[in-house]
Amino acid sequence: MEGNTKSVANRKRFNLARTKVKLLAAYYGHPARDLRLICITGSTGKTTVAHYVHEILRAASQPVAILASEREVKPTVLHKFLNDAWKAKATYAVITAPATALNADTFFGLPIYVAALTDFIPSSLNSPDIETYLNAKSTLFRMNPEAVVLNRDDAHYPDFAGFRGTSETITYGASSDSDLRIEQSKLYRKGAEANLSIGNQNFTVASFLTGEPTISYMACAAAIATALNIAPGTIADGIACYEPEAPATK
């Protein structure tokens, strides 16, 4: 009986959330219909990948807007951003999609052009949490994105390998089964570099960001850009342009 009560309460909550999202979209005149939405989700690296993609699109001379945050994205903030991007005549909108926002149906009804996954879950989650997290991520990939980008190196790849784009699916990683492969990588005191290959193309990307995860984030951004038919040279230029602002000192 208690389970049924919770189920009814959850349905009411989702219906209310979806109604709010529909009203917001209608209020702003459905600006997302005129934008190519690139949504990036995952446990870590969403913001970094989003900024890489933003810089790549700028290097490709494409009008682009970005909404990147590790925090929850509220429906009101998302739809105002989409409206502002449309008013600014952006072609692309790069957006991070935290699990909390996906679980709240914040992205309901939006036409997703590319959906990308940086990594799946922290190892600290137990089985029930894993299922909840997978269900949240699945909401994005069930929205029929034209292209899907997945991390082939992730330990939980079998859990999300079924996510597919309607036109294209690209995997990335050091695995030999990856579509976009990390052939070699180097870490420096003030940056990172990786040699990537896809099909018969080989190219090198480099970033001012440090640490091993940067290699994967660059590969993810490169895979997204490949799905957008952006040339390797432009991808490398865009990634090199991203330099996070130094934290303010008191």
# chains A, B, ... in the order shown; residues from 1 in each chain; ligands from 1
$ residues_around --residues "Asp84 of chain A" --least-positions-apart "2" --cutoff "12 Å" --atoms "only C-alpha atoms" --output "PDB file with C-alpha atoms, in the first residue's frame"
ATOM      1  CA  TYR A  28       9.199  31.848 -24.458  1.00  0.00           C
ATOM      2  CA  GLY A  29       7.856  30.684 -27.839  1.00  0.00           C
ATOM      3  CA  HIS A  30       9.746  27.352 -28.002  1.00  0.00           C
ATOM      4  CA  PRO A  31      13.171  28.873 -28.864  1.00  0.00           C
ATOM      5  CA  ALA A  32      14.859  25.449 -28.628  1.00  0.00           C
ATOM      6  CA  LEU A  35      18.741  25.693 -31.796  1.00  0.00           C
ATOM      7  CA  VAL A  64      27.103  29.390 -29.808  1.00  0.00           C
ATOM      8  CA  ALA A  65      25.771  29.930 -26.285  1.00  0.00           C
ATOM      9  CA  ILE A  66      26.775  27.992 -23.178  1.00  0.00           C
ATOM     10  CA  LEU A  67      25.118  27.107 -19.878  1.00  0.00           C
ATOM     11  CA  VAL A  77      17.036  29.236 -15.769  1.00  0.00           C
ATOM     12  CA  LEU A  78      17.245  26.740 -18.644  1.00  0.00           C
ATOM     13  CA  HIS A  79      14.360  28.182 -20.646  1.00  0.00           C
ATOM     14  CA  LYS A  80      15.443  31.787 -20.132  1.00  0.00           C
ATOM     15  CA  PHE A  81      18.912  30.778 -21.330  1.00  0.00           C
ATOM     16  CA  LEU A  82      17.435  29.153 -24.447  1.00  0.00           C
ATOM     17  CA  TRP A  86      17.787  32.414 -29.638  1.00  0.00           C
ATOM     18  CA  LYS A  87      17.636  36.209 -29.367  1.00  0.00           C
ATOM     19  CA  ALA A  88      21.423  36.332 -29.785  1.00  0.00           C
ATOM     20  CA  LYS A  89      20.979  34.289 -33.005  1.00  0.00           C
ATOM     21  CA  ALA A  90      22.998  31.338 -31.704  1.00  0.00           C
ATOM     22  CA  THR A  91      23.002  28.196 -33.815  1.00  0.00           C
ATOM     23  CA  ALA A  93      23.507  25.799 -27.275  1.00  0.00           C
TER      24      ALA A  93
END
$ residues_around --residues "Lys46 of chain A" --least-positions-apart "5" --cutoff "8 Å" --atoms "only C-alpha atoms" --output "ChimeraX atom specification"
/A:40-41,68-70,96-97,118
$ residues_around --residues "segment 147-152 of chain A" --least-positions-apart "6" --cutoff "8 Å" --atoms "only C-alpha atoms" --output "list in words"
Tyr113, Val114, Ala115, Ala116, Leu117, Thr118, Asp119, Phe141, Ala161, Phe163, Arg164, Gly165, Thr166, Ser167, Glu168, Thr169, Ile170, Thr171, Tyr172, Gly173, Ala174, Ser175, Asp177, Ser178, Cys220, Ala223, Ile224 and Ala227 of chain A
$ atom_distance --atom1 "atom CA of Phe120 of chain A" --atom2 "atom CA of Leu228 of chain A"
23.0 Å
$ residues_around --residues "segment 232-242 of chain A" --least-positions-apart "6" --cutoff "9 Å" --atoms "only C-alpha atoms" --output "PDB file with all heavy atoms, in the first residue's frame"
ATOM      1  N   THR A  48      33.880  21.084 -17.941  1.00  0.00           N
ATOM      2  CA  THR A  48      35.101  21.166 -18.747  1.00  0.00           C
ATOM      3  C   THR A  48      34.819  20.808 -20.197  1.00  0.00           C
ATOM      4  O   THR A  48      35.218  21.524 -21.118  1.00  0.00           O
ATOM      5  CB  THR A  48      36.182  20.231 -18.180  1.00  0.00           C
ATOM      6  OG1 THR A  48      36.517  20.644 -16.854  1.00  0.00           O
ATOM      7  CG2 THR A  48      37.441  20.266 -19.039  1.00  0.00           C
ATOM      8  N   HIS A  51      32.875  23.540 -21.978  1.00  0.00           N
ATOM      9  CA  HIS A  51      33.703  24.684 -22.371  1.00  0.00           C
ATOM     10  C   HIS A  51      34.605  24.336 -23.558  1.00  0.00           C
ATOM     11  O   HIS A  51      34.829  25.187 -24.443  1.00  0.00           O
ATOM     12  CB  HIS A  51      34.532  25.170 -21.191  1.00  0.00           C
ATOM     13  CG  HIS A  51      33.750  26.014 -20.231  1.00  0.00           C
ATOM     14  ND1 HIS A  51      33.335  27.295 -20.534  1.00  0.00           N
ATOM     15  CD2 HIS A  51      33.292  25.757 -18.973  1.00  0.00           C
ATOM     16  CE1 HIS A  51      32.661  27.801 -19.507  1.00  0.00           C
ATOM     17  NE2 HIS A  51      32.621  26.881 -18.547  1.00  0.00           N
ATOM     18  N   TYR A  52      35.124  23.116 -23.587  1.00  0.00           N
ATOM     19  CA  TYR A  52      35.902  22.698 -24.762  1.00  0.00           C
ATOM     20  C   TYR A  52      35.041  22.789 -26.028  1.00  0.00           C
ATOM     21  O   TYR A  52      35.464  23.339 -27.051  1.00  0.00           O
ATOM     22  CB  TYR A  52      36.381  21.259 -24.596  1.00  0.00           C
ATOM     23  CG  TYR A  52      37.601  21.063 -23.738  1.00  0.00           C
ATOM     24  CD1 TYR A  52      37.755  19.910 -22.964  1.00  0.00           C
ATOM     25  CD2 TYR A  52      38.637  21.997 -23.706  1.00  0.00           C
ATOM     26  CE1 TYR A  52      38.877  19.698 -22.189  1.00  0.00           C
ATOM     27  CE2 TYR A  52      39.763  21.795 -22.915  1.00  0.00           C
ATOM     28  CZ  TYR A  52      39.879  20.641 -22.160  1.00  0.00           C
ATOM     29  OH  TYR A  52      41.004  20.441 -21.392  1.00  0.00           O
ATOM     30  N   VAL A  53      33.830  22.238 -25.963  1.00  0.00           N
ATOM     31  CA  VAL A  53      32.948  22.243 -27.130  1.00  0.00           C
ATOM     32  C   VAL A  53      32.581  23.672 -27.523  1.00  0.00           C
ATOM     33  O   VAL A  53      32.534  24.015 -28.711  1.00  0.00           O
ATOM     34  CB  VAL A  53      31.680  21.403 -26.856  1.00  0.00           C
ATOM     35  CG1 VAL A  53      30.684  21.522 -28.011  1.00  0.00           C
ATOM     36  CG2 VAL A  53      32.048  19.938 -26.633  1.00  0.00           C
ATOM     37  N   HIS A  54      32.334  24.502 -26.521  1.00  0.00           N
ATOM     38  CA  HIS A  54      32.028  25.919 -26.774  1.00  0.00           C
ATOM     39  C   HIS A  54      33.163  26.589 -27.548  1.00  0.00           C
ATOM     40  O   HIS A  54      32.926  27.295 -28.551  1.00  0.00           O
ATOM     41  CB  HIS A  54      31.797  26.617 -25.435  1.00  0.00           C
ATOM     42  CG  HIS A  54      31.505  28.074 -25.547  1.00  0.00           C
ATOM     43  ND1 HIS A  54      32.379  29.044 -25.083  1.00  0.00           N
ATOM     44  CD2 HIS A  54      30.451  28.748 -26.072  1.00  0.00           C
ATOM     45  CE1 HIS A  54      31.868  30.243 -25.311  1.00  0.00           C
ATOM     46  NE2 HIS A  54      30.710  30.098 -25.912  1.00  0.00           N
ATOM     47  N   GLU A  55      34.393  26.346 -27.117  1.00  0.00           N
ATOM     48  CA  GLU A  55      35.543  26.956 -27.786  1.00  0.00           C
ATOM     49  C   GLU A  55      35.753  26.361 -29.180  1.00  0.00           C
ATOM     50  O   GLU A  55      36.160  27.070 -30.117  1.00  0.00           O
ATOM     51  CB  GLU A  55      36.812  26.776 -26.941  1.00  0.00           C
ATOM     52  CG  GLU A  55      36.811  27.559 -25.640  1.00  0.00           C
ATOM     53  CD  GLU A  55      36.786  29.071 -25.862  1.00  0.00           C
ATOM     54  OE1 GLU A  55      37.177  29.535 -26.957  1.00  0.00           O
ATOM     55  OE2 GLU A  55      36.363  29.790 -24.942  1.00  0.00           O
ATOM     56  N   ILE A  56      35.489  25.085 -29.340  1.00  0.00           N
ATOM     57  CA  ILE A  56      35.619  24.450 -30.664  1.00  0.00           C
ATOM     58  C   ILE A  56      34.634  25.082 -31.647  1.00  0.00           C
ATOM     59  O   ILE A  56      34.987  25.399 -32.794  1.00  0.00           O
ATOM     60  CB  ILE A  56      35.376  22.929 -30.568  1.00  0.00           C
ATOM     61  CG1 ILE A  56      36.532  22.254 -29.820  1.00  0.00           C
ATOM     62  CG2 ILE A  56      35.225  22.312 -31.959  1.00  0.00           C
ATOM     63  CD1 ILE A  56      36.251  20.807 -29.438  1.00  0.00           C
ATOM     64  N   LEU A  57      33.389  25.272 -31.205  1.00  0.00           N
ATOM     65  CA  LEU A  57      32.385  25.880 -32.081  1.00  0.00           C
ATOM     66  C   LEU A  57      32.738  27.330 -32.411  1.00  0.00           C
ATOM     67  O   LEU A  57      32.524  27.797 -33.537  1.00  0.00           O
ATOM     68  CB  LEU A  57      31.001  25.787 -31.436  1.00  0.00           C
ATOM     69  CG  LEU A  57      30.379  24.391 -31.480  1.00  0.00           C
ATOM     70  CD1 LEU A  57      29.203  24.290 -30.517  1.00  0.00           C
ATOM     71  CD2 LEU A  57      29.937  24.049 -32.900  1.00  0.00           C
ATOM     72  N   ARG A  58      33.288  28.031 -31.441  1.00  0.00           N
ATOM     73  CA  ARG A  58      33.746  29.408 -31.713  1.00  0.00           C
ATOM     74  C   ARG A  58      34.877  29.393 -32.736  1.00  0.00           C
ATOM     75  O   ARG A  58      34.923  30.247 -33.631  1.00  0.00           O
ATOM     76  CB  ARG A  58      34.198  30.078 -30.422  1.00  0.00           C
ATOM     77  CG  ARG A  58      33.057  30.398 -29.461  1.00  0.00           C
ATOM     78  CD  ARG A  58      33.557  31.074 -28.207  1.00  0.00           C
ATOM     79  NE  ARG A  58      34.157  32.371 -28.496  1.00  0.00           N
ATOM     80  CZ  ARG A  58      34.846  33.093 -27.617  1.00  0.00           C
ATOM     81  NH1 ARG A  58      35.027  32.638 -26.388  1.00  0.00           N
ATOM     82  NH2 ARG A  58      35.357  34.251 -27.951  1.00  0.00           N
ATOM     83  N   ALA A  59      35.788  28.425 -32.608  1.00  0.00           N
ATOM     84  CA  ALA A  59      36.890  28.313 -33.570  1.00  0.00           C
ATOM     85  C   ALA A  59      36.363  27.984 -34.961  1.00  0.00           C
ATOM     86  O   ALA A  59      36.990  28.332 -35.974  1.00  0.00           O
ATOM     87  CB  ALA A  59      37.879  27.233 -33.115  1.00  0.00           C
ATOM     88  N   ALA A  60      35.202  27.308 -35.011  1.00  0.00           N
ATOM     89  CA  ALA A  60      34.574  26.976 -36.282  1.00  0.00           C
ATOM     90  C   ALA A  60      33.672  28.099 -36.788  1.00  0.00           C
ATOM     91  O   ALA A  60      32.940  27.918 -37.763  1.00  0.00           O
ATOM     92  CB  ALA A  60      33.770  25.685 -36.133  1.00  0.00           C
ATOM     93  N   GLN A 201      41.881   9.401 -39.787  1.00  0.00           N
ATOM     94  CA  GLN A 201      42.402  10.698 -39.366  1.00  0.00           C
ATOM     95  C   GLN A 201      43.102  10.602 -38.019  1.00  0.00           C
ATOM     96  O   GLN A 201      42.574  10.004 -37.076  1.00  0.00           O
ATOM     97  CB  GLN A 201      41.270  11.724 -39.257  1.00  0.00           C
ATOM     98  CG  GLN A 201      40.561  11.998 -40.577  1.00  0.00           C
ATOM     99  CD  GLN A 201      39.524  13.093 -40.415  1.00  0.00           C
ATOM    100  OE1 GLN A 201      39.744  14.247 -40.766  1.00  0.00           O
ATOM    101  NE2 GLN A 201      38.368  12.730 -39.882  1.00  0.00           N
ATOM    102  N   ASN A 202      44.273  11.190 -37.925  1.00  0.00           N
ATOM    103  CA  ASN A 202      45.018  11.287 -36.675  1.00  0.00           C
ATOM    104  C   ASN A 202      45.292  12.756 -36.390  1.00  0.00           C
ATOM    105  O   ASN A 202      45.668  13.503 -37.302  1.00  0.00           O
ATOM    106  CB  ASN A 202      46.347  10.534 -36.771  1.00  0.00           C
ATOM    107  CG  ASN A 202      46.153   9.033 -36.744  1.00  0.00           C
ATOM    108  OD1 ASN A 202      46.149   8.423 -35.687  1.00  0.00           O
ATOM    109  ND2 ASN A 202      45.977   8.442 -37.923  1.00  0.00           N
ATOM    110  N   PHE A 203      45.102  13.164 -35.165  1.00  0.00           N
ATOM    111  CA  PHE A 203      45.378  14.549 -34.815  1.00  0.00           C
ATOM    112  C   PHE A 203      45.705  14.653 -33.330  1.00  0.00           C
ATOM    113  O   PHE A 203      45.365  13.770 -32.532  1.00  0.00           O
ATOM    114  CB  PHE A 203      44.219  15.465 -35.187  1.00  0.00           C
ATOM    115  CG  PHE A 203      42.890  15.125 -34.550  1.00  0.00           C
ATOM    116  CD1 PHE A 203      42.405  15.860 -33.477  1.00  0.00           C
ATOM    117  CD2 PHE A 203      42.112  14.068 -35.032  1.00  0.00           C
ATOM    118  CE1 PHE A 203      41.180  15.564 -32.901  1.00  0.00           C
ATOM    119  CE2 PHE A 203      40.882  13.762 -34.456  1.00  0.00           C
ATOM    120  CZ  PHE A 203      40.411  14.511 -33.384  1.00  0.00           C
ATOM    121  N   THR A 204      46.358  15.741 -32.975  1.00  0.00           N
ATOM    122  CA  THR A 204      46.798  15.961 -31.596  1.00  0.00           C
ATOM    123  C   THR A 204      46.040  17.133 -30.988  1.00  0.00           C
ATOM    124  O   THR A 204      45.852  18.163 -31.632  1.00  0.00           O
ATOM    125  CB  THR A 204      48.312  16.246 -31.541  1.00  0.00           C
ATOM    126  OG1 THR A 204      49.017  15.112 -32.069  1.00  0.00           O
ATOM    127  CG2 THR A 204      48.771  16.494 -30.111  1.00  0.00           C
ATOM    128  N   VAL A 205      45.591  16.950 -29.752  1.00  0.00           N
ATOM    129  CA  VAL A 205      44.937  18.018 -29.015  1.00  0.00           C
ATOM    130  C   VAL A 205      45.726  18.281 -27.738  1.00  0.00           C
ATOM    131  O   VAL A 205      46.348  17.372 -27.183  1.00  0.00           O
ATOM    132  CB  VAL A 205      43.472  17.672 -28.664  1.00  0.00           C
ATOM    133  CG1 VAL A 205      42.631  17.583 -29.934  1.00  0.00           C
ATOM    134  CG2 VAL A 205      43.380  16.366 -27.881  1.00  0.00           C
ATOM    135  N   ALA A 206      45.710  19.523 -27.291  1.00  0.00           N
ATOM    136  CA  ALA A 206      46.450  19.884 -26.080  1.00  0.00           C
ATOM    137  C   ALA A 206      45.658  20.920 -25.303  1.00  0.00           C
ATOM    138  O   ALA A 206      44.927  21.724 -25.873  1.00  0.00           O
ATOM    139  CB  ALA A 206      47.828  20.431 -26.438  1.00  0.00           C
ATOM    140  N   SER A 207      45.805  20.874 -23.982  1.00  0.00           N
ATOM    141  CA  SER A 207      45.045  21.759 -23.109  1.00  0.00           C
ATOM    142  C   SER A 207      45.920  22.287 -21.983  1.00  0.00           C
ATOM    143  O   SER A 207      46.907  21.653 -21.597  1.00  0.00           O
ATOM    144  CB  SER A 207      43.853  20.988 -22.514  1.00  0.00           C
ATOM    145  OG  SER A 207      43.175  21.759 -21.549  1.00  0.00           O
ATOM    146  N   PHE A 208      45.533  23.454 -21.467  1.00  0.00           N
ATOM    147  CA  PHE A 208      46.217  24.009 -20.311  1.00  0.00           C
ATOM    148  C   PHE A 208      45.787  23.324 -19.014  1.00  0.00           C
ATOM    149  O   PHE A 208      46.385  23.543 -17.974  1.00  0.00           O
ATOM    150  CB  PHE A 208      45.942  25.510 -20.198  1.00  0.00           C
ATOM    151  CG  PHE A 208      46.643  26.323 -21.250  1.00  0.00           C
ATOM    152  CD1 PHE A 208      45.930  26.883 -22.299  1.00  0.00           C
ATOM    153  CD2 PHE A 208      48.008  26.531 -21.190  1.00  0.00           C
ATOM    154  CE1 PHE A 208      46.565  27.639 -23.265  1.00  0.00           C
ATOM    155  CE2 PHE A 208      48.659  27.285 -22.152  1.00  0.00           C
ATOM    156  CZ  PHE A 208      47.933  27.836 -23.201  1.00  0.00           C
ATOM    157  N   LEU A 209      44.742  22.499 -19.064  1.00  0.00           N
ATOM    158  CA  LEU A 209      44.298  21.789 -17.867  1.00  0.00           C
ATOM    159  C   LEU A 209      45.236  20.621 -17.587  1.00  0.00           C
ATOM    160  O   LEU A 209      45.770  20.000 -18.512  1.00  0.00           O
ATOM    161  CB  LEU A 209      42.872  21.265 -18.036  1.00  0.00           C
ATOM    162  CG  LEU A 209      41.745  22.232 -17.651  1.00  0.00           C
ATOM    163  CD1 LEU A 209      41.731  23.422 -18.595  1.00  0.00           C
ATOM    164  CD2 LEU A 209      40.406  21.522 -17.683  1.00  0.00           C
ATOM    165  N   MET A 218      39.106  15.839 -23.174  1.00  0.00           N
ATOM    166  CA  MET A 218      39.449  16.319 -24.513  1.00  0.00           C
ATOM    167  C   MET A 218      38.906  15.366 -25.572  1.00  0.00           C
ATOM    168  O   MET A 218      38.389  15.800 -26.611  1.00  0.00           O
ATOM    169  CB  MET A 218      40.962  16.477 -24.662  1.00  0.00           C
ATOM    170  CG  MET A 218      41.553  17.633 -23.874  1.00  0.00           C
ATOM    171  SD  MET A 218      43.280  18.038 -24.359  1.00  0.00           S
ATOM    172  CE  MET A 218      44.146  16.545 -23.834  1.00  0.00           C
ATOM    173  N   ALA A 221      35.125  15.850 -25.942  1.00  0.00           N
ATOM    174  CA  ALA A 221      34.832  17.059 -26.710  1.00  0.00           C
ATOM    175  C   ALA A 221      35.129  16.847 -28.188  1.00  0.00           C
ATOM    176  O   ALA A 221      34.368  17.292 -29.064  1.00  0.00           O
ATOM    177  CB  ALA A 221      35.647  18.233 -26.167  1.00  0.00           C
ATOM    178  N   ALA A 222      36.220  16.151 -28.469  1.00  0.00           N
ATOM    179  CA  ALA A 222      36.579  15.875 -29.863  1.00  0.00           C
ATOM    180  C   ALA A 222      35.541  14.975 -30.527  1.00  0.00           C
ATOM    181  O   ALA A 222      35.212  15.151 -31.707  1.00  0.00           O
ATOM    182  CB  ALA A 222      37.962  15.228 -29.934  1.00  0.00           C
ATOM    183  N   ALA A 225      32.516  17.104 -31.302  1.00  0.00           N
ATOM    184  CA  ALA A 225      32.801  17.949 -32.456  1.00  0.00           C
ATOM    185  C   ALA A 225      32.823  17.142 -33.756  1.00  0.00           C
ATOM    186  O   ALA A 225      32.402  17.627 -34.812  1.00  0.00           O
ATOM    187  CB  ALA A 225      34.134  18.666 -32.258  1.00  0.00           C
ATOM    188  N   THR A 226      33.295  15.907 -33.679  1.00  0.00           N
ATOM    189  CA  THR A 226      33.295  15.032 -34.855  1.00  0.00           C
ATOM    190  C   THR A 226      31.866  14.768 -35.308  1.00  0.00           C
ATOM    191  O   THR A 226      31.570  14.746 -36.509  1.00  0.00           O
ATOM    192  CB  THR A 226      34.014  13.709 -34.538  1.00  0.00           C
ATOM    193  OG1 THR A 226      35.387  13.988 -34.201  1.00  0.00           O
ATOM    194  CG2 THR A 226      33.979  12.761 -35.729  1.00  0.00           C
TER     195      THR A 226
END
$ select_by_dssp --residues "segment 45-229 of chain A" --states "helix (DSSP H, G or I)" --output "PyMOL selection string"
chain A and resi 46-59+75-87+99-103+127-141+157-160+213-227
$ closest_residue --among "A:Glu245, A:Asp179, A:Glu131, A:Glu212" --to "Glu193 of chain A" --atoms "only C-alpha atoms"
A:Glu212
$ residues_around --residues "segment 102-110 of chain A" --least-positions-apart "4" --cutoff "7 Å" --atoms "only C-alpha atoms" --output "list in words"
Ala17, Arg18, Val21, Ala32, Lys74, Pro75, Ala97, Pro98, Ala136, Lys137, Thr139 and Leu140 of chain A
$ atom_distance --atom1 "atom CA of Pro244 of chain A" --atom2 "atom CA of Leu196 of chain A"
22.8 Å
$ select_by_dssp --residues "segment 13-223 of chain A" --states "strand (DSSP E)" --output "number ranges by chain"
A: 36-41, 64-67, 92-96, 112-117, 147-151, 168-173, 180-188, 191-198, 201-207
$ residues_around --residues "Gly162 of chain A" --least-positions-apart "4" --cutoff "10 Å" --atoms "only C-alpha atoms" --output "ChimeraX atom specification"
/A:138,141,157-158
$ write_last_selection --atoms "N, CA and C atoms" --output "PDB file, in the first residue's frame"
ATOM      1  N   SER A 138      19.256   7.924 -18.341  1.00  0.00           N
ATOM      2  CA  SER A 138      18.506   7.369 -19.472  1.00  0.00           C
ATOM      3  C   SER A 138      17.488   8.357 -20.022  1.00  0.00           C
ATOM      4  N   PHE A 141      18.933  10.224 -22.949  1.00  0.00           N
ATOM      5  CA  PHE A 141      19.209   9.430 -24.146  1.00  0.00           C
ATOM      6  C   PHE A 141      17.943   8.819 -24.751  1.00  0.00           C
ATOM      7  N   TYR A 157      30.407   0.809 -18.848  1.00  0.00           N
ATOM      8  CA  TYR A 157      29.964   0.940 -20.235  1.00  0.00           C
ATOM      9  C   TYR A 157      28.854  -0.063 -20.606  1.00  0.00           C
ATOM     10  N   PRO A 158      28.926  -1.315 -20.165  1.00  0.00           N
ATOM     11  CA  PRO A 158      27.839  -2.250 -20.519  1.00  0.00           C
ATOM     12  C   PRO A 158      26.464  -1.791 -20.038  1.00  0.00           C
TER      13      PRO A 158
END
$ atom_distance --atom1 "atom CA of Gly199 of chain A" --atom2 "atom CA of Asn229 of chain A"
13.2 Å
$ residues_around --residues "Ser185 of chain A" --least-positions-apart "4" --cutoff "8 Å" --atoms "only C-alpha atoms" --output "ChimeraX atom specification"
/A:192-195,215
$ decode --residues "segment 180-198 of chain A" --atoms "N, CA, C and O atoms" --output "short mmCIF file (atom, residue, chain, number, x, y, z; two decimals), in the first residue's frame"
data_model
loop_
_atom_site.label_atom_id
_atom_site.label_comp_id
_atom_site.auth_asym_id
_atom_site.auth_seq_id
_atom_site.Cartn_x
_atom_site.Cartn_y
_atom_site.Cartn_z
N LEU A 180 36.54 6.85 -31.58
CA LEU A 180 37.59 7.86 -31.49
C LEU A 180 38.55 7.39 -30.40
O LEU A 180 38.19 7.34 -29.23
N ARG A 181 39.76 7.02 -30.82
CA ARG A 181 40.70 6.39 -29.89
C ARG A 181 41.76 7.36 -29.38
O ARG A 181 42.26 8.21 -30.13
N ILE A 182 42.08 7.19 -28.11
CA ILE A 182 43.21 7.90 -27.52
C ILE A 182 44.43 7.02 -27.75
O ILE A 182 44.60 5.99 -27.09
N GLU A 183 45.26 7.38 -28.71
CA GLU A 183 46.41 6.54 -29.07
C GLU A 183 47.56 6.72 -28.09
O GLU A 183 48.19 5.76 -27.67
N GLN A 184 47.83 7.97 -27.75
CA GLN A 184 48.91 8.29 -26.82
C GLN A 184 48.53 9.54 -26.05
O GLN A 184 47.72 10.35 -26.53
N SER A 185 49.09 9.68 -24.88
CA SER A 185 48.83 10.90 -24.10
C SER A 185 50.03 11.24 -23.24
O SER A 185 50.83 10.37 -22.88
N LYS A 186 50.15 12.52 -22.95
CA LYS A 186 51.23 13.00 -22.10
C LYS A 186 50.67 14.02 -21.12
O LYS A 186 49.82 14.84 -21.48
N LEU A 187 51.17 13.96 -19.90
CA LEU A 187 50.78 14.93 -18.88
C LEU A 187 51.97 15.81 -18.56
O LEU A 187 53.09 15.33 -18.40
N TYR A 188 51.72 17.11 -18.48
CA TYR A 188 52.77 18.07 -18.17
C TYR A 188 52.42 18.81 -16.89
O TYR A 188 51.30 18.70 -16.38
N ARG A 189 53.37 19.57 -16.39
CA ARG A 189 53.13 20.33 -15.17
C ARG A 189 52.05 21.38 -15.38
O ARG A 189 51.28 21.68 -14.49
N LYS A 190 51.95 21.90 -16.61
CA LYS A 190 50.96 22.93 -16.89
C LYS A 190 50.06 22.57 -18.07
O LYS A 190 49.62 23.44 -18.82
N GLY A 191 49.75 21.31 -18.21
CA GLY A 191 48.86 20.95 -19.31
C GLY A 191 48.84 19.46 -19.61
O GLY A 191 49.39 18.64 -18.87
N ALA A 192 48.18 19.11 -20.71
CA ALA A 192 48.04 17.71 -21.12
C ALA A 192 47.93 17.67 -22.64
O ALA A 192 47.47 18.64 -23.28
N GLU A 193 48.32 16.55 -23.22
CA GLU A 193 48.31 16.39 -24.67
C GLU A 193 47.87 14.97 -25.01
O GLU A 193 48.17 14.02 -24.28
N ALA A 194 47.15 14.82 -26.10
CA ALA A 194 46.70 13.49 -26.51
C ALA A 194 46.69 13.38 -28.02
O ALA A 194 46.32 14.33 -28.73
N ASN A 195 47.12 12.23 -28.51
CA ASN A 195 47.02 11.93 -29.93
C ASN A 195 45.76 11.10 -30.13
O ASN A 195 45.59 10.05 -29.51
N LEU A 196 44.86 11.58 -30.98
CA LEU A 196 43.58 10.95 -31.20
C LEU A 196 43.47 10.43 -32.63
O LEU A 196 44.10 10.98 -33.54
N SER A 197 42.67 9.41 -32.82
CA SER A 197 42.43 8.91 -34.17
C SER A 197 40.98 8.49 -34.32
O SER A 197 40.37 7.97 -33.39
N ILE A 198 40.44 8.78 -35.49
CA ILE A 198 39.09 8.32 -35.82
C ILE A 198 39.06 8.07 -37.33
O ILE A 198 39.45 8.93 -38.12
#
